[in-house]
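Trainee: Input input06.pdb, format and content: PDB, C-alpha atoms and all ligand atoms.
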```
MODEL        1
ATOM      1  CA  GLN U 136     -28.755  15.242  -5.677
ATOM      2  CA  GLU U 137     -26.457  12.208  -5.413
ATOM      3  CA  ARG U 138     -28.493  10.926  -2.474
ATOM      4  CA  LEU U 139     -31.716  10.851  -4.475
ATOM      5  CA  LYS U 140     -30.313   8.540  -7.129
ATOM      6  CA  GLY U 141     -31.799   5.466  -5.529
ATOM      7  CA  LEU U 142     -35.205   6.792  -6.432
ATOM      8  CA  ALA U 143     -34.404   7.493 -10.068
ATOM      9  CA  LYS U 144     -36.030   5.186 -12.554
ATOM     10  CA  GLY U 145     -34.780   4.800 -16.118
ATOM     11  CA  ASN U 146     -34.189   8.198 -17.661
ATOM     12  CA  LYS U 147     -37.121   9.921 -15.969
ATOM     13  CA  PRO U 148     -36.222  13.099 -14.095
ATOM     14  CA  GLU U 149     -35.268  12.556 -10.460
ATOM     15  CA  PRO U 150     -38.124  12.959  -7.982
ATOM     16  CA  THR U 151     -37.941  16.240  -6.162
ATOM     17  CA  HIS U 152     -41.431  17.160  -4.966
ATOM     18  CA  VAL U 153     -42.978  16.128  -1.634
ATOM     19  CA  HIS U 154     -46.544  17.071  -0.749
ATOM     20  CA  VAL U 155     -47.340  16.928   2.982
ATOM     21  CA  ILE U 156     -50.940  16.878   4.195
ATOM     22  CA  GLY U 157     -51.404  18.063   7.795
ATOM     23  CA  ALA U 158     -49.306  20.986   9.042
ATOM     24  CA  GLY U 159     -49.434  20.062  12.732
ATOM     25  CA  VAL U 160     -46.642  18.990  15.070
ATOM     26  CA  MET U 161     -45.437  16.229  12.756
ATOM     27  CA  GLY U 162     -46.502  17.265   9.247
ATOM     28  CA  GLY U 163     -45.117  20.778   9.628
ATOM     29  CA  ASP U 164     -41.768  19.460  10.840
ATOM     30  CA  ILE U 165     -41.593  16.703   8.213
ATOM     31  CA  ALA U 166     -42.219  19.336   5.521
ATOM     32  CA  ALA U 167     -39.485  21.561   6.983
ATOM     33  CA  TRP U 168     -37.033  18.662   7.121
ATOM     34  CA  CYS U 169     -37.679  17.694   3.477
ATOM     35  CA  ALA U 170     -37.226  21.337   2.368
ATOM     36  CA  LEU U 171     -33.958  21.504   4.327
ATOM     37  CA  GLN U 172     -32.812  18.425   2.418
ATOM     38  CA  GLY U 173     -33.396  20.153  -0.915
ATOM     39  CA  TRP U 174     -36.835  18.900  -1.897
ATOM     40  CA  ARG U 175     -39.562  21.158  -3.204
ATOM     41  CA  VAL U 176     -42.313  20.827  -0.595
ATOM     42  CA  THR U 177     -45.961  21.784  -0.721
ATOM     43  CA  LEU U 178     -47.793  21.843   2.610
ATOM     44  CA  GLN U 179     -51.545  21.425   2.910
ATOM     45  CA  ASP U 180     -53.858  21.713   5.912
ATOM     46  CA  GLN U 181     -57.608  21.934   6.233
ATOM     47  CA  SER U 182     -57.052  24.691   8.820
ATOM     48  CA  PRO U 183     -55.032  27.335   6.958
ATOM     49  CA  GLU U 184     -53.963  28.939  10.249
ATOM     50  CA  ARG U 185     -51.830  25.847  11.025
ATOM     51  CA  ILE U 186     -49.521  26.507   8.063
ATOM     52  CA  ALA U 187     -47.938  29.844   9.118
ATOM     53  CA  PRO U 188     -46.623  28.537  12.487
ATOM     54  CA  ALA U 189     -45.216  25.476  10.692
ATOM     55  CA  VAL U 190     -43.378  27.745   8.235
ATOM     56  CA  GLY U 191     -42.179  29.820  11.215
ATOM     57  CA  ARG U 192     -40.706  26.706  12.860
ATOM     58  CA  ALA U 193     -39.139  25.750   9.531
ATOM     59  CA  GLY U 194     -37.442  29.176   9.367
ATOM     60  CA  SER U 195     -35.901  28.616  12.812
ATOM     61  CA  LEU U 196     -34.652  25.182  11.735
ATOM     62  CA  PHE U 197     -33.145  26.574   8.525
ATOM     63  CA  ARG U 198     -31.385  29.383  10.417
ATOM     64  CA  ARG U 199     -29.911  26.854  12.850
ATOM     65  CA  ARG U 200     -28.785  24.390  10.218
ATOM     66  CA  LEU U 201     -27.815  26.495   7.179
ATOM     67  CA  LYS U 202     -24.825  28.783   6.913
ATOM     68  CA  THR U 203     -25.945  31.773   4.871
ATOM     69  CA  ASP U 204     -29.049  33.950   4.611
ATOM     70  CA  ARG U 205     -29.171  33.022   0.967
ATOM     71  CA  GLU U 206     -29.466  29.332   1.789
ATOM     72  CA  VAL U 207     -32.165  30.077   4.366
ATOM     73  CA  THR U 208     -34.157  32.101   1.830
ATOM     74  CA  ALA U 209     -33.771  29.354  -0.766
ATOM     75  CA  ALA U 210     -35.013  26.727   1.716
ATOM     76  CA  LEU U 211     -37.997  28.905   2.652
ATOM     77  CA  ASP U 212     -38.762  29.337  -1.057
ATOM     78  CA  ARG U 213     -38.838  25.561  -1.407
ATOM     79  CA  LEU U 214     -41.554  25.278   1.280
ATOM     80  CA  ILE U 215     -44.811  26.317  -0.357
ATOM     81  CA  PRO U 216     -48.152  26.646   1.491
ATOM     82  CA  ASP U 217     -50.916  24.938  -0.461
ATOM     83  CA  HIS U 218     -54.155  25.592   1.408
ATOM     84  CA  ARG U 219     -56.377  23.739  -1.032
ATOM     85  CA  GLY U 220     -54.090  20.861  -1.901
ATOM     86  CA  GLN U 221     -53.768  21.962  -5.507
ATOM     87  CA  HIS U 222     -50.294  20.449  -5.822
ATOM     88  CA  VAL U 223     -51.090  16.948  -4.590
ATOM     89  CA  GLY U 224     -51.322  15.672  -8.171
ATOM     90  CA  HIS U 225     -47.799  16.797  -9.053
ATOM     91  CA  ALA U 226     -45.924  15.258  -6.152
ATOM     92  CA  ASP U 227     -43.491  12.327  -6.344
ATOM     93  CA  VAL U 228     -44.112  11.583  -2.670
ATOM     94  CA  VAL U 229     -47.273  12.377  -0.689
ATOM     95  CA  ILE U 230     -47.004  12.163   3.107
ATOM     96  CA  GLU U 231     -50.221  12.193   5.128
ATOM     97  CA  ALA U 232     -49.850  13.451   8.719
ATOM     98  CA  ILE U 233     -53.417  14.445   9.654
ATOM     99  CA  PHE U 234     -55.245  13.607  12.912
ATOM    100  CA  GLU U 235     -54.915  10.053  14.184
ATOM    101  CA  ASP U 236     -58.451   9.212  13.041
ATOM    102  CA  ARG U 237     -59.087   6.223  10.797
ATOM    103  CA  GLU U 238     -62.150   7.630   9.053
ATOM    104  CA  ALA U 239     -60.602  11.047   8.475
ATOM    105  CA  LYS U 240     -57.574   9.415   6.876
ATOM    106  CA  GLN U 241     -59.722   7.097   4.756
ATOM    107  CA  GLN U 242     -61.884   9.973   3.531
ATOM    108  CA  LEU U 243     -58.792  11.938   2.621
ATOM    109  CA  TYR U 244     -57.339   9.012   0.640
ATOM    110  CA  GLN U 245     -60.577   8.605  -1.272
ATOM    111  CA  ALA U 246     -60.542  12.280  -2.145
ATOM    112  CA  ILE U 247     -56.919  12.450  -3.261
ATOM    113  CA  GLU U 248     -56.312   9.069  -4.906
ATOM    114  CA  PRO U 249     -57.844   9.968  -8.285
ATOM    115  CA  ARG U 250     -55.595  13.023  -8.407
ATOM    116  CA  LEU U 251     -52.316  11.299  -7.513
ATOM    117  CA  ARG U 252     -49.727  10.602 -10.160
ATOM    118  CA  PRO U 253     -49.821   6.862 -10.920
ATOM    119  CA  ASP U 254     -46.208   6.506  -9.732
ATOM    120  CA  ALA U 255     -46.570   8.708  -6.628
ATOM    121  CA  LEU U 256     -45.579   7.205  -3.300
ATOM    122  CA  LEU U 257     -48.398   7.541  -0.744
ATOM    123  CA  ALA U 258     -47.149   7.412   2.846
ATOM    124  CA  THR U 259     -48.914   7.741   6.184
ATOM    125  CA  ASN U 260     -47.315   8.903   9.425
ATOM    126  CA  THR U 261     -49.876   6.985  11.512
ATOM    127  CA  SER U 262     -48.520   5.681  14.802
ATOM    128  CA  SER U 263     -51.271   3.210  15.571
ATOM    129  CA  ILE U 264     -53.809   2.567  12.813
ATOM    130  CA  PRO U 265     -53.135  -0.673  10.896
ATOM    131  CA  LEU U 266     -52.164   0.103   7.308
ATOM    132  CA  GLU U 267     -54.478  -2.668   6.126
ATOM    133  CA  GLU U 268     -57.478  -0.716   7.517
ATOM    134  CA  LEU U 269     -56.397   2.557   5.947
ATOM    135  CA  ALA U 270     -55.706   0.874   2.616
ATOM    136  CA  THR U 271     -59.320  -0.295   2.273
ATOM    137  CA  ALA U 272     -60.137   3.263   1.183
ATOM    138  CA  LEU U 273     -57.832   2.992  -1.829
ATOM    139  CA  SER U 274     -58.545   1.401  -5.171
ATOM    140  CA  ARG U 275     -54.804   0.596  -5.290
ATOM    141  CA  PRO U 276     -54.086  -0.463  -1.677
ATOM    142  CA  GLU U 277     -50.602  -1.711  -2.652
ATOM    143  CA  ARG U 278     -49.413   1.872  -3.017
ATOM    144  CA  LEU U 279     -49.760   2.737   0.706
ATOM    145  CA  VAL U 280     -46.715   2.559   2.976
ATOM    146  CA  GLY U 281     -46.002   3.875   6.477
ATOM    147  CA  LEU U 282     -43.337   6.481   7.206
ATOM    148  CA  HIS U 283     -43.414   6.821  10.967
ATOM    149  CA  PHE U 284     -41.284   9.799  11.941
ATOM    150  CA  PHE U 285     -40.451  10.608  15.557
ATOM    151  CA  ASN U 286     -40.840  13.876  17.385
ATOM    152  CA  PRO U 287     -38.849  16.128  17.091
ATOM    153  CA  VAL U 288     -38.286  15.244  13.446
ATOM    154  CA  ALA U 289     -35.044  17.203  13.038
ATOM    155  CA  ARG U 290     -33.400  15.504  16.008
ATOM    156  CA  MET U 291     -34.652  11.954  15.620
ATOM    157  CA  GLN U 292     -32.618  10.110  13.032
ATOM    158  CA  LEU U 293     -34.844   7.028  12.883
ATOM    159  CA  VAL U 294     -37.927   6.612  10.676
ATOM    160  CA  GLU U 295     -39.919   3.379  10.870
ATOM    161  CA  VAL U 296     -40.834   2.333   7.338
ATOM    162  CA  VAL U 297     -43.992   0.290   7.739
ATOM    163  CA  ARG U 298     -44.929  -2.507   5.377
ATOM    164  CA  GLY U 299     -48.662  -3.149   5.389
ATOM    165  CA  GLY U 300     -50.052  -6.558   4.383
ATOM    166  CA  GLN U 301     -50.726  -5.190   0.905
ATOM    167  CA  THR U 302     -47.806  -2.805   0.424
ATOM    168  CA  ALA U 303     -46.101  -3.636  -2.897
ATOM    169  CA  PRO U 304     -42.402  -4.607  -2.511
ATOM    170  CA  GLU U 305     -41.417  -1.924  -5.019
ATOM    171  CA  VAL U 306     -43.306   0.727  -3.018
ATOM    172  CA  PHE U 307     -41.596  -0.401   0.174
ATOM    173  CA  GLU U 308     -38.148  -0.216  -1.472
ATOM    174  CA  ARG U 309     -38.863   3.296  -2.716
ATOM    175  CA  ALA U 310     -39.980   4.354   0.756
ATOM    176  CA  LEU U 311     -36.680   3.060   2.193
ATOM    177  CA  ALA U 312     -34.759   4.945  -0.525
ATOM    178  CA  PHE U 313     -36.760   8.124   0.072
ATOM    179  CA  THR U 314     -35.990   7.946   3.804
ATOM    180  CA  ARG U 315     -32.280   7.579   3.120
ATOM    181  CA  GLY U 316     -32.577  10.388   0.543
ATOM    182  CA  ILE U 317     -33.757  12.815   3.219
ATOM    183  CA  ASP U 318     -30.848  11.796   5.445
ATOM    184  CA  ARG U 319     -32.845   9.694   7.892
ATOM    185  CA  LEU U 320     -32.247   6.122   8.953
ATOM    186  CA  PRO U 321     -35.017   3.774   7.760
ATOM    187  CA  LEU U 322     -36.051   0.947  10.083
ATOM    188  CA  PRO U 323     -38.191  -1.589   8.188
ATOM    189  CA  VAL U 324     -41.086  -2.810  10.351
ATOM    190  CA  ALA U 325     -44.319  -4.766   9.940
ATOM    191  CA  SER U 326     -47.694  -3.112  10.520
ATOM    192  CA  LYS U 327     -48.113  -4.458  14.086
ATOM    193  CA  PRO U 328     -49.262  -2.524  17.189
ATOM    194  CA  GLY U 329     -46.545  -0.142  18.375
ATOM    195  CA  PHE U 330     -44.371  -1.116  15.399
ATOM    196  CA  LEU U 331     -40.950  -1.654  17.005
ATOM    197  CA  VAL U 332     -39.954   1.490  18.875
ATOM    198  CA  ASN U 333     -43.182   2.107  20.807
ATOM    199  CA  ARG U 334     -43.559  -1.586  21.591
ATOM    200  CA  ILE U 335     -40.245  -1.473  23.430
ATOM    201  CA  LEU U 336     -40.374   2.096  24.712
ATOM    202  CA  MET U 337     -43.920   2.171  26.089
ATOM    203  CA  PRO U 338     -43.619  -0.677  28.645
ATOM    204  CA  TYR U 339     -40.492   1.096  29.956
ATOM    205  CA  LEU U 340     -42.329   4.431  30.296
ATOM    206  CA  LEU U 341     -45.393   2.801  31.863
ATOM    207  CA  GLU U 342     -43.276   0.925  34.390
ATOM    208  CA  ALA U 343     -41.707   4.240  35.399
ATOM    209  CA  VAL U 344     -45.221   5.705  35.859
ATOM    210  CA  GLU U 345     -46.127   2.682  38.019
ATOM    211  CA  LEU U 346     -43.149   3.500  40.221
ATOM    212  CA  VAL U 347     -44.474   7.058  40.638
ATOM    213  CA  GLU U 348     -47.811   5.525  41.623
ATOM    214  CA  GLU U 349     -45.975   3.456  44.221
ATOM    215  CA  GLY U 350     -44.603   6.664  45.706
ATOM    216  CA  VAL U 351     -41.149   7.023  44.151
ATOM    217  CA  PRO U 352     -40.498  10.684  43.251
ATOM    218  CA  PRO U 353     -40.321  11.267  39.451
ATOM    219  CA  ALA U 354     -37.009  13.121  39.778
ATOM    220  CA  ARG U 355     -35.431  10.109  41.479
ATOM    221  CA  ILE U 356     -36.532   7.757  38.687
ATOM    222  CA  ASP U 357     -35.236  10.156  36.021
ATOM    223  CA  ALA U 358     -31.923  10.619  37.831
ATOM    224  CA  ALA U 359     -31.462   6.843  38.019
ATOM    225  CA  ALA U 360     -32.123   6.467  34.289
ATOM    226  CA  LEU U 361     -29.589   9.212  33.496
ATOM    227  CA  GLU U 362     -27.027   7.489  35.706
ATOM    228  CA  PHE U 363     -27.705   4.311  33.782
ATOM    229  CA  GLY U 364     -26.850   6.150  30.562
ATOM    230  CA  MET U 365     -30.237   7.048  29.085
ATOM    231  CA  PRO U 366     -30.212  10.450  27.344
ATOM    232  CA  MET U 367     -33.423  11.476  29.142
ATOM    233  CA  GLY U 368     -35.320  10.049  32.122
ATOM    234  CA  PRO U 369     -38.548   8.132  31.358
ATOM    235  CA  ILE U 370     -40.836  10.546  33.235
ATOM    236  CA  THR U 371     -39.370  13.588  31.486
ATOM    237  CA  LEU U 372     -39.658  11.698  28.225
ATOM    238  CA  ALA U 373     -43.348  10.900  28.846
ATOM    239  CA  ASP U 374     -44.003  14.597  29.582
ATOM    240  CA  THR U 375     -42.124  15.562  26.423
ATOM    241  CA  VAL U 376     -43.914  13.115  24.118
ATOM    242  CA  GLY U 377     -47.263  14.240  25.586
ATOM    243  CA  LEU U 378     -49.216  12.221  28.146
ATOM    244  CA  ASP U 379     -52.261  12.074  25.857
ATOM    245  CA  ILE U 380     -50.142  10.453  23.158
ATOM    246  CA  CYS U 381     -48.588   8.064  25.708
ATOM    247  CA  LEU U 382     -52.061   7.114  26.901
ATOM    248  CA  HIS U 383     -53.295   6.528  23.366
ATOM    249  CA  VAL U 384     -50.355   4.256  22.503
ATOM    250  CA  ALA U 385     -50.547   2.549  25.925
ATOM    251  CA  ARG U 386     -54.199   1.651  25.346
ATOM    252  CA  ILE U 387     -53.432   0.161  21.946
ATOM    253  CA  LEU U 388     -50.523  -1.863  23.296
ATOM    254  CA  GLY U 389     -52.627  -2.713  26.343
ATOM    255  CA  GLU U 390     -55.270  -4.270  24.118
ATOM    256  CA  ALA U 391     -52.776  -6.077  21.916
ATOM    257  CA  PHE U 392     -50.375  -7.392  24.552
ATOM    258  CA  GLY U 393     -52.240  -7.146  27.872
ATOM    259  CA  LEU U 394     -50.225  -4.183  29.137
ATOM    260  CA  ALA U 395     -51.718  -2.428  32.192
ATOM    261  CA  VAL U 396     -52.388   1.297  31.747
ATOM    262  CA  PRO U 397     -51.459   3.142  34.986
ATOM    263  CA  VAL U 398     -54.354   4.973  36.663
ATOM    264  CA  ARG U 399     -52.060   7.946  37.274
ATOM    265  CA  LEU U 400     -51.612   8.425  33.510
ATOM    266  CA  GLU U 401     -55.370   8.274  32.895
ATOM    267  CA  GLN U 402     -55.933  10.795  35.696
ATOM    268  CA  LEU U 403     -53.395  13.338  34.493
ATOM    269  CA  VAL U 404     -54.806  13.275  30.969
ATOM    270  CA  ALA U 405     -58.395  13.538  32.251
ATOM    271  CA  ASP U 406     -57.326  16.625  34.237
ATOM    272  CA  GLY U 407     -55.821  18.195  31.115
ATOM    273  CA  HIS U 408     -52.238  17.774  32.311
ATOM    274  CA  LEU U 409     -50.686  16.637  29.063
ATOM    275  CA  GLY U 410     -47.038  17.263  29.877
ATOM    276  CA  ARG U 411     -44.638  19.893  28.592
ATOM    277  CA  LYS U 412     -47.044  21.216  25.943
ATOM    278  CA  SER U 413     -49.819  22.031  28.455
ATOM    279  CA  GLY U 414     -47.507  23.420  31.161
ATOM    280  CA  ARG U 415     -48.035  20.504  33.503
ATOM    281  CA  GLY U 416     -47.634  16.732  33.523
ATOM    282  CA  PHE U 417     -45.566  14.872  36.079
ATOM    283  CA  TYR U 418     -43.522  18.094  36.249
ATOM    284  CA  ARG U 419     -44.482  21.741  35.776
ATOM    285  CA  TYR U 420     -43.285  23.889  32.871
ATOM    286  CA  HIS U 421     -43.143  27.538  31.976
ATOM    287  CA  LYS U 422     -43.042  28.267  28.229
ATOM    288  CA  GLY U 423     -42.044  24.666  27.618
ATOM    289  CA  LYS U 424     -39.108  24.795  30.065
ATOM    290  CA  PRO U 425     -39.216  22.763  33.291
ATOM    291  CA  ILE U 426     -39.700  24.714  36.505
ATOM    292  CA  ARG U 427     -37.232  23.408  39.030
ATOM    293  CA  THR U 428     -38.862  22.595  42.354
ATOM    294  CA  ARG U 429     -37.224  21.280  45.479
TER     295      ARG U 429
HETATM  296  P1  LIG U 501     -51.699  17.526  14.977
HETATM  297  O1  LIG U 501     -53.051  17.516  15.577
HETATM  298  O2  LIG U 501     -50.615  18.389  15.545
HETATM  299  O3  LIG U 501     -51.825  17.916  13.421
HETATM  300  C1  LIG U 501     -52.755  17.366  12.543
HETATM  301  C2  LIG U 501     -53.045  18.397  11.473
HETATM  302  O4  LIG U 501     -53.823  17.770  10.438
HETATM  303  C3  LIG U 501     -53.867  19.593  11.979
HETATM  304  O5  LIG U 501     -53.181  20.795  11.657
HETATM  305  C4  LIG U 501     -55.191  19.468  11.219
HETATM  306  O6  LIG U 501     -55.766  20.726  10.910
HETATM  307  C5  LIG U 501     -54.769  18.710   9.977
HETATM  308  N1  LIG U 501     -55.850  17.943   9.333
HETATM  309  C6  LIG U 501     -56.739  17.134   9.934
HETATM  310  N2  LIG U 501     -57.557  16.580   9.003
HETATM  311  C7  LIG U 501     -57.143  17.057   7.799
HETATM  312  C8  LIG U 501     -57.566  16.837   6.447
HETATM  313  N3  LIG U 501     -58.580  16.031   6.150
HETATM  314  N4  LIG U 501     -56.921  17.504   5.447
HETATM  315  C9  LIG U 501     -55.898  18.350   5.735
HETATM  316  N5  LIG U 501     -55.452  18.591   6.990
HETATM  317  C10 LIG U 501     -56.058  17.927   8.001
HETATM  318  O7  LIG U 501     -51.231  15.985  14.911
HETATM  319  P2  LIG U 501     -49.760  15.363  14.948
HETATM  320  O8  LIG U 501     -49.336  15.152  16.355
HETATM  321  O9  LIG U 501     -48.887  16.106  14.003
HETATM  322  O10 LIG U 501     -50.049  13.908  14.354
HETATM  323  C11 LIG U 501     -50.247  13.696  12.986
HETATM  324  C12 LIG U 501     -50.027  12.230  12.672
HETATM  325  O11 LIG U 501     -48.702  11.851  13.033
HETATM  326  C13 LIG U 501     -50.960  11.290  13.434
HETATM  327  O12 LIG U 501     -51.271  10.217  12.577
HETATM  328  C14 LIG U 501     -50.101  10.843  14.615
HETATM  329  O13 LIG U 501     -50.474   9.569  15.105
HETATM  330  C15 LIG U 501     -48.743  10.751  13.950
HETATM  331  N6  LIG U 501     -47.589  10.856  14.851
HETATM  332  C16 LIG U 501     -47.560  11.795  15.867
HETATM  333  C17 LIG U 501     -46.436  11.906  16.674
HETATM  334  C18 LIG U 501     -46.348  12.950  17.751
HETATM  335  O14 LIG U 501     -45.406  12.898  18.562
HETATM  336  N7  LIG U 501     -47.259  13.916  17.808
HETATM  337  C19 LIG U 501     -45.262  11.019  16.483
HETATM  338  C20 LIG U 501     -45.372  10.135  15.350
HETATM  339  C21 LIG U 501     -46.514  10.054  14.600
ENDMDL
END
```
What is this file in structure tokens?
Mentor:
Amino acid sequence: QERLKGLAKGNKPEPTHVHVIGAGVMGGDIAAWCALQGWRVTLQDQSPERIAPAVGRAGSLFRRRLKTDREVTAALDRLIPDHRGQHVGHADVVIEAIFEDREAKQQLYQAIEPRLRPDALLATNTSSIPLEELATALSRPERLVGLHFFNPVARMQLVEVVRGGQTAPEVFERALAFTRGIDRLPLPVASKPGFLVNRILMPYLLEAVELVEEGVPPARIDAAALEFGMPMGPITLADTVGLDICLHVARILGEAFGLAVPVRLEQLVADGHLGRKSGRGFYRYHKGKPIRTR
């Protein structure tokens, strides 16, 4: 509980309840991470069938990271499915991780804002929608902040804490403290396209894709990057992130900074080759594991 002290205000009880909306790739794993860190977590999704797999993944994480069965059971007890979002009004921190769709997010905010506790932190995991646009749906836009986690949540230490044009300084400070409280490293960033990480990472990935287009074998590019000291080659990384997600971010950065989107990337996505998750991208995969070819 020591680590949560930064969030404590006056003699009010320490915040302990996170409500996550969206139990997909990110929301499910963010919920699991917060439960692992000792928070009570409620997890909401409009498709109830998304919640059970997220809880299943959480169980695997808890078994890997916790020592005893008792601790695993306690962590699982802290992660509570909430199909209808009945707990949103009790949470200290609400994290939205639904589809990357501006209108869907805005509609959700309109629906939940009247139910939020006045002091609740409202955070979005958006990777590309300006916070200023999302905040127009709120009667108190100053309460919205970005918490941009990276995939996979349990392995990626960094969280970009995004300050929108209207985010209140006190809200931003609490978001930084919350991030530290769940044992992640907060990186303060402005609400600009790509924030910081994707703005740097994406040109590097796209340049590697250009090289493939020029005829250099993906494995040779990846091997060179590993030699250089990168933990993973750029082509493997693109396949791992998901080529659809790369394309989406590339288009946004392309518009903002005049970055060219490689035809090869567009083609693969159009053909349904989305990388590791679909079994094929630049490489082929079986059950998420690369198939070695010569
Ligand atoms: P996903 O498609 O895996 O999951 C989204 C979930 O939200 C689905 O389970 C869906 O049923 C649920 N949902 C949609 N509308 C809802 C609503 N109105 N109420 C309740 N649940 C709703 O998406 P993913 O990849 O987890 O992305 C979520 C957010 O995180 C997006 O904003 C995305 O840009 C961002 N993000 C994604 C990363 C990634 O690597 N996938 C990395 C960092 C951020």
Trainee: Quick check on the file I pasted: which residues fall under the PyMOL selection byres (((chain U and resi 346-355) around 9) and not hetatm)? Write them as a tab-separated table (two decimals) with C-alpha atoms, in the frame of the given file.
Mentor:
```
chain	number	residue	atom	x	y	z
U	341	LEU	CA	-45.39	2.80	31.86
U	342	GLU	CA	-43.28	0.92	34.39
U	343	ALA	CA	-41.71	4.24	35.40
U	344	VAL	CA	-45.22	5.70	35.86
U	345	GLU	CA	-46.13	2.68	38.02
U	356	ILE	CA	-36.53	7.76	38.69
U	357	ASP	CA	-35.24	10.16	36.02
U	358	ALA	CA	-31.92	10.62	37.83
U	359	ALA	CA	-31.46	6.84	38.02
U	360	ALA	CA	-32.12	6.47	34.29
U	368	GLY	CA	-35.32	10.05	32.12
U	369	PRO	CA	-38.55	8.13	31.36
U	370	ILE	CA	-40.84	10.55	33.24
U	371	THR	CA	-39.37	13.59	31.49
U	397	PRO	CA	-51.46	3.14	34.99
U	398	VAL	CA	-54.35	4.97	36.66
U	399	ARG	CA	-52.06	7.95	37.27
U	417	PHE	CA	-45.57	14.87	36.08
U	418	TYR	CA	-43.52	18.09	36.25
```
Trainee: Please enclose the listed atoms of ligand LIG 501 (chain U) in an axis-aligned box, pad each side by 6 Å, and write out the centre and the three edge lengths in Å, rounded to one decimal, as AutoDock Vina command-line options.
Mentor:
```
--center_x -51.9 --center_y 15.2 --center_z 12.0 --size_x 25.3 --size_y 23.2 --size_z 25.1
```
Trainee: Counting only C-alpha atoms and all ligand atoms, what residues are within 8 Å of ligand LIG 501 (chain U), given as number ranges by chain?
Mentor: U: 156-163, 179-183, 185-186, 231-236, 239-240, 242-243, 259-263, 283-287, 376-377, 380
Trainee: Emit the selected residues as a PDB file, keeping the file's coordinate frame, including C-alpha atoms.
Mentor:
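Below is the file that was written, result-v8.pdb:
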```pdb
ATOM      1  CA  ILE U 156     -50.940  16.878   4.195  1.00  0.00           C
ATOM      2  CA  GLY U 157     -51.404  18.063   7.795  1.00  0.00           C
ATOM      3  CA  ALA U 158     -49.306  20.986   9.042  1.00  0.00           C
ATOM      4  CA  GLY U 159     -49.434  20.062  12.732  1.00  0.00           C
ATOM      5  CA  VAL U 160     -46.642  18.990  15.070  1.00  0.00           C
ATOM      6  CA  MET U 161     -45.437  16.229  12.756  1.00  0.00           C
ATOM      7  CA  GLY U 162     -46.502  17.265   9.247  1.00  0.00           C
ATOM      8  CA  GLY U 163     -45.117  20.778   9.628  1.00  0.00           C
ATOM      9  CA  GLN U 179     -51.545  21.425   2.910  1.00  0.00           C
ATOM     10  CA  ASP U 180     -53.858  21.713   5.912  1.00  0.00           C
ATOM     11  CA  GLN U 181     -57.608  21.934   6.233  1.00  0.00           C
ATOM     12  CA  SER U 182     -57.052  24.691   8.820  1.00  0.00           C
ATOM     13  CA  PRO U 183     -55.032  27.335   6.958  1.00  0.00           C
ATOM     14  CA  ARG U 185     -51.830  25.847  11.025  1.00  0.00           C
ATOM     15  CA  ILE U 186     -49.521  26.507   8.063  1.00  0.00           C
ATOM     16  CA  GLU U 231     -50.221  12.193   5.128  1.00  0.00           C
ATOM     17  CA  ALA U 232     -49.850  13.451   8.719  1.00  0.00           C
ATOM     18  CA  ILE U 233     -53.417  14.445   9.654  1.00  0.00           C
ATOM     19  CA  PHE U 234     -55.245  13.607  12.912  1.00  0.00           C
ATOM     20  CA  GLU U 235     -54.915  10.053  14.184  1.00  0.00           C
ATOM     21  CA  ASP U 236     -58.451   9.212  13.041  1.00  0.00           C
ATOM     22  CA  ALA U 239     -60.602  11.047   8.475  1.00  0.00           C
ATOM     23  CA  LYS U 240     -57.574   9.415   6.876  1.00  0.00           C
ATOM     24  CA  GLN U 242     -61.884   9.973   3.531  1.00  0.00           C
ATOM     25  CA  LEU U 243     -58.792  11.938   2.621  1.00  0.00           C
ATOM     26  CA  THR U 259     -48.914   7.741   6.184  1.00  0.00           C
ATOM     27  CA  ASN U 260     -47.315   8.903   9.425  1.00  0.00           C
ATOM     28  CA  THR U 261     -49.876   6.985  11.512  1.00  0.00           C
ATOM     29  CA  SER U 262     -48.520   5.681  14.802  1.00  0.00           C
ATOM     30  CA  SER U 263     -51.271   3.210  15.571  1.00  0.00           C
ATOM     31  CA  HIS U 283     -43.414   6.821  10.967  1.00  0.00           C
ATOM     32  CA  PHE U 284     -41.284   9.799  11.941  1.00  0.00           C
ATOM     33  CA  PHE U 285     -40.451  10.608  15.557  1.00  0.00           C
ATOM     34  CA  ASN U 286     -40.840  13.876  17.385  1.00  0.00           C
ATOM     35  CA  PRO U 287     -38.849  16.128  17.091  1.00  0.00           C
ATOM     36  CA  VAL U 376     -43.914  13.115  24.118  1.00  0.00           C
ATOM     37  CA  GLY U 377     -47.263  14.240  25.586  1.00  0.00           C
ATOM     38  CA  ILE U 380     -50.142  10.453  23.158  1.00  0.00           C
TER      39      ILE U 380
END
```
Trainee: Would you compute the distance between atom CA of U:Asp374 and atom CA of U:Arg411? Give it in Å to one decimal.
Mentor: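 Distance reported for this atom pair: 5.4 Å.
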Trainee: Suppose you want the space between atom CA of U:Ala270 and atom CA of U:Ala226; what is it in Å?
Mentor: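 Interatomic distance, atom CA of U:Ala270 to atom CA of U:Ala226: 19.5 Å.
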Trainee: Under the rule that all atoms listed in the file are counted, which of U:Ile317, U:Ala373, U:Leu282, U:Val294 is the nearest residue to U:Gln172?
Mentor: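 Of all the options, U:Ile317 lies closest to U:Gln172.
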Trainee: Please write a file for stretch 152-161 of chain U, taken from the block I just shared, that holds C-alpha atoms and is laid out as a compact mmCIF listing (two decimals), in the first residue's frame.
Mentor:
```txt
# COMPACT_ATOMS: atom_id res chain seq x y z
CA HIS U 152 -10.64 0.40 -7.18
CA VAL U 153 -9.98 0.50 -10.93
CA HIS U 154 -12.79 0.01 -13.43
CA VAL U 155 -11.64 -1.00 -16.93
CA ILE U 156 -13.98 -0.68 -19.91
CA GLY U 157 -13.08 -2.92 -22.86
CA ALA U 158 -11.80 -6.44 -22.17
CA GLY U 159 -9.85 -6.84 -25.41
CA VAL U 160 -6.12 -7.19 -25.99
CA MET U 161 -5.27 -4.08 -23.97
```
